[in-house]
Amino acid sequence: MDVFPIIVVIAFFQLVIIQKPFPHLDQTIFGIFLVVMGLFIFILGLESALFPIGEKMANEFALKGNPWWIIFFGFALGFSTTIAEPALTVIAGKAGGLAAGAGAIENTKSSVAKFVLGLRYTVALSVGLAIALGVLRILKGWPFIWFIMGGYTLIVITTFFAPQEIIGIAYDSGGITTSTITVPLVAALGVGLATSIRGRNPMLDGFGLIALASLCPIIFVLGYGILVYGVGS
């Protein structure tokens, strides 16, 4: 049922607007079947493993009573899941190729690889720091609006100084980092931690880590662009 609207939209534009039959219809049907099965297995894995693991670990860290361990765990979780994010790998590779083609960096394999690796680690570092900051917010009970207003104000200011070549990549990086691997574990961490701490409301305090994980990469990639390209005009 979740995939059905997508199928309807694609079929409508292909058959009614473009008015051509699907090329390789058998491959298309087989691909849809793989998508449905993949989503089913993925959601099953989230419900049976990733969400329970994230919440259980958050509970255990809360019981230990040492805030630094849970903050470090949040950083490590955000960093490692972002490095493993397939979407980030693809986008960073595409950005490196385009940067080399535009003459922004040397058009050599080593230069492109260095740019791609730097971009991936910049985003991963920003997500790790964002999750650590979000965990600290939950522990302290700080209002979420402070972080959102301050973060987006910093984004707007940084955008004026960032080169044009990096702005689009920076804003997209906030979305690609919060994808299939990062979101389930980070969400489970926030909810589990807020549930375990007395005086915290899981609905009010448990969510918001994903927003910080989307916000911080924009700031960091804009800064990375300033370091690589220089201040924009």
# chains A, B, ... in the order shown; residues from 1 in each chain; ligands from 1
$ residues_around --residues "stretch 85-93 of chain A" --least-positions-apart "6" --cutoff "8 Å" --atoms "only C-alpha atoms" --output "VMD selection string"
chain A and resid 116 to 117 119 to 120 173 176 to 177 179 to 182
$ select_by_dssp --residues "stretch 43-75 of chain A" --states "alpha helix (DSSP H)" --output "PyMOL selection string"
chain A and resi 43-45+51-64+67-75
$ residues_around --residues "A:Phe144" --least-positions-apart "3" --cutoff "9 Å" --atoms "only C-alpha atoms" --output "list in words"
Gly134, Arg137, Gly141, Phe147, Ile148, Met149, Leu204, Asp205 and Gly208 of chain A
$ closest_residue --among "A:Ala113, A:Ile210, A:Ile145, A:Leu133" --to "A:Ala100" --atoms "only C-alpha atoms"
A:Ala113
$ residues_around --residues "stretch 40-42 of chain A" --least-positions-apart "2" --cutoff "12 Å" --atoms "only C-alpha atoms" --output "list in words"
Met1, Asp2, Val3, Phe33, Leu34, Val35, Val36, Met37, Gly38, Leu44, Gly45, Leu46, Glu47, Ser48, Ala49, Leu50, Phe51, Thr180, Ile181 and Pro184 of chain A
$ write_last_selection --atoms "N, CA and C atoms" --output "PDB file, in the first residue's frame"
ATOM      1  N   MET A   1       0.817  -1.209   0.000  1.00  0.00           N
ATOM      2  CA  MET A   1       0.000   0.000   0.000  1.00  0.00           C
ATOM      3  C   MET A   1       0.858   1.270   0.000  1.00  0.00           C
ATOM      4  N   ASP A   2       2.013   1.217   0.638  1.00  0.00           N
ATOM      5  CA  ASP A   2       2.892   2.389   0.657  1.00  0.00           C
ATOM      6  C   ASP A   2       3.483   2.675  -0.724  1.00  0.00           C
ATOM      7  N   VAL A   3       3.762   1.633  -1.474  1.00  0.00           N
ATOM      8  CA  VAL A   3       4.384   1.798  -2.789  1.00  0.00           C
ATOM      9  C   VAL A   3       3.341   2.090  -3.865  1.00  0.00           C
ATOM     10  N   PHE A  33       8.694  -5.487  -7.619  1.00  0.00           N
ATOM     11  CA  PHE A  33       8.624  -6.581  -6.653  1.00  0.00           C
ATOM     12  C   PHE A  33       9.804  -6.531  -5.678  1.00  0.00           C
ATOM     13  N   LEU A  34      11.000  -6.262  -6.200  1.00  0.00           N
ATOM     14  CA  LEU A  34      12.177  -6.175  -5.336  1.00  0.00           C
ATOM     15  C   LEU A  34      12.061  -5.000  -4.356  1.00  0.00           C
ATOM     16  N   VAL A  35      11.511  -3.865  -4.840  1.00  0.00           N
ATOM     17  CA  VAL A  35      11.343  -2.705  -3.971  1.00  0.00           C
ATOM     18  C   VAL A  35      10.393  -3.030  -2.822  1.00  0.00           C
ATOM     19  N   VAL A  36       9.259  -3.658  -3.157  1.00  0.00           N
ATOM     20  CA  VAL A  36       8.277  -3.994  -2.125  1.00  0.00           C
ATOM     21  C   VAL A  36       8.868  -4.961  -1.108  1.00  0.00           C
ATOM     22  N   MET A  37       9.564  -5.991  -1.586  1.00  0.00           N
ATOM     23  CA  MET A  37      10.164  -6.955  -0.679  1.00  0.00           C
ATOM     24  C   MET A  37      11.270  -6.312   0.162  1.00  0.00           C
ATOM     25  N   GLY A  38      12.052  -5.409  -0.485  1.00  0.00           N
ATOM     26  CA  GLY A  38      13.110  -4.731   0.255  1.00  0.00           C
ATOM     27  C   GLY A  38      12.572  -3.858   1.368  1.00  0.00           C
ATOM     28  N   LEU A  44      10.779  -4.620   8.769  1.00  0.00           N
ATOM     29  CA  LEU A  44      10.805  -5.726   9.726  1.00  0.00           C
ATOM     30  C   LEU A  44      12.082  -5.683  10.556  1.00  0.00           C
ATOM     31  N   GLY A  45      13.195  -5.391   9.902  1.00  0.00           N
ATOM     32  CA  GLY A  45      14.465  -5.294  10.623  1.00  0.00           C
ATOM     33  C   GLY A  45      14.481  -4.146  11.615  1.00  0.00           C
ATOM     34  N   LEU A  46      13.888  -3.002  11.232  1.00  0.00           N
ATOM     35  CA  LEU A  46      13.813  -1.864  12.147  1.00  0.00           C
ATOM     36  C   LEU A  46      13.040  -2.225  13.406  1.00  0.00           C
ATOM     37  N   GLU A  47      11.873  -2.833  13.213  1.00  0.00           N
ATOM     38  CA  GLU A  47      10.999  -3.122  14.349  1.00  0.00           C
ATOM     39  C   GLU A  47      11.547  -4.223  15.246  1.00  0.00           C
ATOM     40  N   SER A  48      12.253  -5.182  14.661  1.00  0.00           N
ATOM     41  CA  SER A  48      12.714  -6.324  15.450  1.00  0.00           C
ATOM     42  C   SER A  48      14.120  -6.150  16.016  1.00  0.00           C
ATOM     43  N   ALA A  49      14.914  -5.230  15.456  1.00  0.00           N
ATOM     44  CA  ALA A  49      16.309  -5.143  15.881  1.00  0.00           C
ATOM     45  C   ALA A  49      16.766  -3.721  16.177  1.00  0.00           C
ATOM     46  N   LEU A  50      16.746  -2.832  15.175  1.00  0.00           N
ATOM     47  CA  LEU A  50      17.399  -1.540  15.333  1.00  0.00           C
ATOM     48  C   LEU A  50      16.731  -0.667  16.394  1.00  0.00           C
ATOM     49  N   PHE A  51      15.418  -0.539  16.347  1.00  0.00           N
ATOM     50  CA  PHE A  51      14.734   0.269  17.363  1.00  0.00           C
ATOM     51  C   PHE A  51      14.931  -0.295  18.767  1.00  0.00           C
ATOM     52  N   THR A 180      18.298   6.036   5.504  1.00  0.00           N
ATOM     53  CA  THR A 180      17.866   4.707   5.946  1.00  0.00           C
ATOM     54  C   THR A 180      18.616   4.173   7.165  1.00  0.00           C
ATOM     55  N   ILE A 181      19.884   4.476   7.307  1.00  0.00           N
ATOM     56  CA  ILE A 181      20.669   3.915   8.404  1.00  0.00           C
ATOM     57  C   ILE A 181      20.632   4.825   9.633  1.00  0.00           C
ATOM     58  N   PRO A 184      16.699   5.521  11.977  1.00  0.00           N
ATOM     59  CA  PRO A 184      16.158   4.579  12.967  1.00  0.00           C
ATOM     60  C   PRO A 184      16.947   4.535  14.272  1.00  0.00           C
TER      61      PRO A 184
END
$ closest_residue --among "A:Phe73, A:Phe220, A:Phe115, A:Phe160" --to "A:Met57" --atoms "only C-alpha atoms"
A:Phe73
$ residues_around --residues "A:Glu55" --least-positions-apart "5" --cutoff "7 Å" --atoms "only C-alpha atoms" --output "short mmCIF file (atom, residue, chain, number, x, y, z; two decimals) with N, CA and C atoms, in the first residue's frame"
data_model
loop_
_atom_site.label_atom_id
_atom_site.label_comp_id
_atom_site.auth_asym_id
_atom_site.auth_seq_id
_atom_site.Cartn_x
_atom_site.Cartn_y
_atom_site.Cartn_z
N ALA A 188 15.63 6.08 17.87
CA ALA A 188 15.52 5.15 19.00
C ALA A 188 16.35 5.64 20.18
N LEU A 189 17.53 6.20 19.91
CA LEU A 189 18.37 6.73 20.97
C LEU A 189 17.67 7.86 21.71
N VAL A 191 14.38 8.68 21.87
CA VAL A 191 13.19 8.25 22.59
C VAL A 191 13.56 7.43 23.82
N GLY A 192 14.52 6.52 23.65
CA GLY A 192 14.93 5.68 24.78
C GLY A 192 15.55 6.50 25.90
#
$ residues_around --residues "A:Ala132" --least-positions-apart "6" --cutoff "12 Å" --atoms "only C-alpha atoms" --output "PDB file with C-alpha atoms, in the first residue's frame"
ATOM      1  CA  PRO A  67      26.498  11.654  31.088  1.00  0.00           C
ATOM      2  CA  TRP A  68      29.820  11.713  29.227  1.00  0.00           C
ATOM      3  CA  TRP A  69      29.459   8.123  28.052  1.00  0.00           C
ATOM      4  CA  ILE A  70      26.019   8.704  26.555  1.00  0.00           C
ATOM      5  CA  ILE A  71      27.225  11.936  24.919  1.00  0.00           C
ATOM      6  CA  PHE A  72      30.227  10.140  23.430  1.00  0.00           C
ATOM      7  CA  PHE A  73      27.980   7.278  22.331  1.00  0.00           C
ATOM      8  CA  GLY A  74      25.702   9.784  20.572  1.00  0.00           C
ATOM      9  CA  PHE A  75      28.674  11.274  18.736  1.00  0.00           C
ATOM     10  CA  ALA A  76      30.047   7.867  17.737  1.00  0.00           C
ATOM     11  CA  LEU A  77      26.629   6.663  16.602  1.00  0.00           C
ATOM     12  CA  GLY A  78      26.009   9.744  14.472  1.00  0.00           C
ATOM     13  CA  PHE A  79      29.497   9.650  12.934  1.00  0.00           C
ATOM     14  CA  LEU A 125      31.655  14.843  11.942  1.00  0.00           C
ATOM     15  CA  SER A 126      28.820  17.360  11.859  1.00  0.00           C
ATOM     16  CA  ILE A 138      17.844  15.958  26.507  1.00  0.00           C
ATOM     17  CA  LEU A 139      19.997  15.503  29.603  1.00  0.00           C
ATOM     18  CA  VAL A 186      19.153   8.060  16.213  1.00  0.00           C
ATOM     19  CA  LEU A 189      18.372   6.727  20.973  1.00  0.00           C
ATOM     20  CA  GLY A 190      16.445   9.940  21.598  1.00  0.00           C
ATOM     21  CA  LEU A 209      17.757  14.676  17.116  1.00  0.00           C
ATOM     22  CA  ILE A 210      17.016  14.118  13.435  1.00  0.00           C
ATOM     23  CA  LEU A 212      19.785  18.654  14.461  1.00  0.00           C
ATOM     24  CA  ALA A 213      21.387  15.962  12.326  1.00  0.00           C
ATOM     25  CA  CYS A 216      24.485  20.781  11.307  1.00  0.00           C
TER      26      CYS A 216
END
$ atom_distance --atom1 "atom CA of A:Gly230" --atom2 "atom CA of A:Ile166"
10.6 Å
$ atom_distance --atom1 "atom CA of A:Ile197" --atom2 "atom CA of A:Thr82"
26.6 Å
$ atom_distance --atom1 "atom CA of A:Thr108" --atom2 "atom CA of A:Val221"
21.9 Å
$ closest_residue --among "A:Gly128, A:Pro143, A:Pro163, A:Gly151" --to "A:Thr178" --atoms "only C-alpha atoms"
A:Gly128
$ closest_residue --among "A:Lys64, A:Lys140, A:Lys109, A:Ile167" --to "A:Gly199" --atoms "only C-alpha atoms"
A:Lys140
$ decode --residues "stretch 137-175 of chain A" --atoms "N, CA and C atoms" --output "CSV table (one decimal), in the first residue's frame"
chain,number,residue,atom,x,y,z
A,137,ARG,N,21.2,18.2,25.2
A,137,ARG,CA,19.9,18.9,25.3
A,137,ARG,C,18.9,18.1,26.1
A,138,ILE,N,18.8,16.8,25.8
A,138,ILE,CA,17.8,16.0,26.5
A,138,ILE,C,18.2,15.8,28.0
A,139,LEU,N,19.5,15.6,28.2
A,139,LEU,CA,20.0,15.5,29.6
A,139,LEU,C,19.7,16.8,30.4
A,140,LYS,N,19.9,17.9,29.8
A,140,LYS,CA,19.8,19.2,30.5
A,140,LYS,C,18.4,19.7,30.5
A,141,GLY,N,17.6,19.2,29.5
A,141,GLY,CA,16.2,19.7,29.4
A,141,GLY,C,16.1,21.1,28.8
A,142,TRP,N,17.1,21.5,27.9
A,142,TRP,CA,17.1,22.8,27.3
A,142,TRP,C,16.0,22.8,26.2
A,143,PRO,N,15.4,24.0,26.0
A,143,PRO,CA,14.4,24.2,25.0
A,143,PRO,C,14.9,23.9,23.6
A,144,PHE,N,14.2,23.2,22.8
A,144,PHE,CA,14.6,22.8,21.5
A,144,PHE,C,14.7,24.0,20.5
A,145,ILE,N,13.8,25.0,20.8
A,145,ILE,CA,13.7,26.1,19.8
A,145,ILE,C,15.0,26.9,19.8
A,146,TRP,N,15.8,26.9,20.9
A,146,TRP,CA,17.1,27.6,20.9
A,146,TRP,C,18.0,27.1,19.9
A,147,PHE,N,18.1,25.8,19.7
A,147,PHE,CA,19.0,25.2,18.8
A,147,PHE,C,18.5,25.4,17.4
A,148,ILE,N,17.2,25.3,17.1
A,148,ILE,CA,16.7,25.5,15.8
A,148,ILE,C,16.9,26.9,15.3
A,149,MET,N,16.5,27.9,16.1
A,149,MET,CA,16.6,29.3,15.7
A,149,MET,C,18.1,29.7,15.5
A,150,GLY,N,18.9,29.2,16.5
A,150,GLY,CA,20.4,29.5,16.4
A,150,GLY,C,21.0,28.9,15.2
A,151,GLY,N,20.7,27.6,14.9
A,151,GLY,CA,21.3,26.9,13.8
A,151,GLY,C,20.9,27.5,12.5
A,152,TYR,N,19.7,27.8,12.3
A,152,TYR,CA,19.3,28.3,11.0
A,152,TYR,C,19.7,29.8,10.8
A,153,THR,N,19.9,30.5,11.9
A,153,THR,CA,20.5,31.9,11.8
A,153,THR,C,21.9,31.8,11.3
A,154,LEU,N,22.6,30.8,11.9
A,154,LEU,CA,24.0,30.6,11.5
A,154,LEU,C,24.1,30.1,10.0
A,155,ILE,N,23.2,29.3,9.6
A,155,ILE,CA,23.1,28.8,8.2
A,155,ILE,C,23.0,30.0,7.2
A,156,VAL,N,22.0,30.9,7.5
A,156,VAL,CA,21.8,32.1,6.7
A,156,VAL,C,23.0,32.9,6.6
A,157,ILE,N,23.7,33.2,7.7
A,157,ILE,CA,24.9,34.0,7.8
A,157,ILE,C,26.0,33.4,6.9
A,158,THR,N,26.2,32.1,7.2
A,158,THR,CA,27.3,31.4,6.5
A,158,THR,C,27.1,31.3,5.0
A,159,THR,N,25.8,31.2,4.6
A,159,THR,CA,25.5,31.2,3.1
A,159,THR,C,26.0,32.4,2.4
A,160,PHE,N,25.9,33.5,3.0
A,160,PHE,CA,26.4,34.8,2.4
A,160,PHE,C,27.9,34.7,2.1
A,161,PHE,N,28.7,34.0,2.8
A,161,PHE,CA,30.1,33.9,2.7
A,161,PHE,C,30.6,32.7,1.9
A,162,ALA,N,29.7,31.7,1.7
A,162,ALA,CA,30.1,30.5,1.1
A,162,ALA,C,30.1,30.7,-0.4
A,163,PRO,N,31.0,30.0,-1.2
A,163,PRO,CA,31.0,30.1,-2.6
A,163,PRO,C,29.8,29.4,-3.2
A,164,GLN,N,29.4,29.9,-4.4
A,164,GLN,CA,28.1,29.4,-5.0
A,164,GLN,C,28.2,27.9,-5.3
A,165,GLU,N,29.4,27.4,-5.6
A,165,GLU,CA,29.6,26.0,-6.0
A,165,GLU,C,29.2,25.0,-4.9
A,166,ILE,N,29.2,25.4,-3.6
A,166,ILE,CA,29.1,24.5,-2.6
A,166,ILE,C,27.7,24.6,-1.9
A,167,ILE,N,27.0,25.7,-2.2
A,167,ILE,CA,25.7,26.0,-1.4
A,167,ILE,C,24.7,24.9,-1.6
A,168,GLY,N,24.5,24.5,-2.9
A,168,GLY,CA,23.5,23.5,-3.2
A,168,GLY,C,23.8,22.2,-2.5
A,169,ILE,N,25.1,21.8,-2.6
A,169,ILE,CA,25.6,20.5,-2.0
A,169,ILE,C,25.4,20.6,-0.5
A,170,ALA,N,25.7,21.7,0.1
A,170,ALA,CA,25.5,21.9,1.6
A,170,ALA,C,24.1,21.7,2.0
A,171,TYR,N,23.2,22.3,1.3
A,171,TYR,CA,21.8,22.2,1.7
A,171,TYR,C,21.2,20.8,1.4
A,172,ASP,N,21.7,20.2,0.4
A,172,ASP,CA,21.2,18.8,0.1
A,172,ASP,C,21.8,17.8,1.2
A,173,SER,N,23.0,18.1,1.7
A,173,SER,CA,23.7,17.2,2.6
A,173,SER,C,22.9,17.0,3.9
A,174,GLY,N,22.1,18.0,4.2
A,174,GLY,CA,21.2,17.8,5.4
A,174,GLY,C,20.2,16.8,5.2
A,175,GLY,N,19.7,16.6,4.0
A,175,GLY,CA,18.7,15.6,3.7
A,175,GLY,C,19.3,14.2,3.6
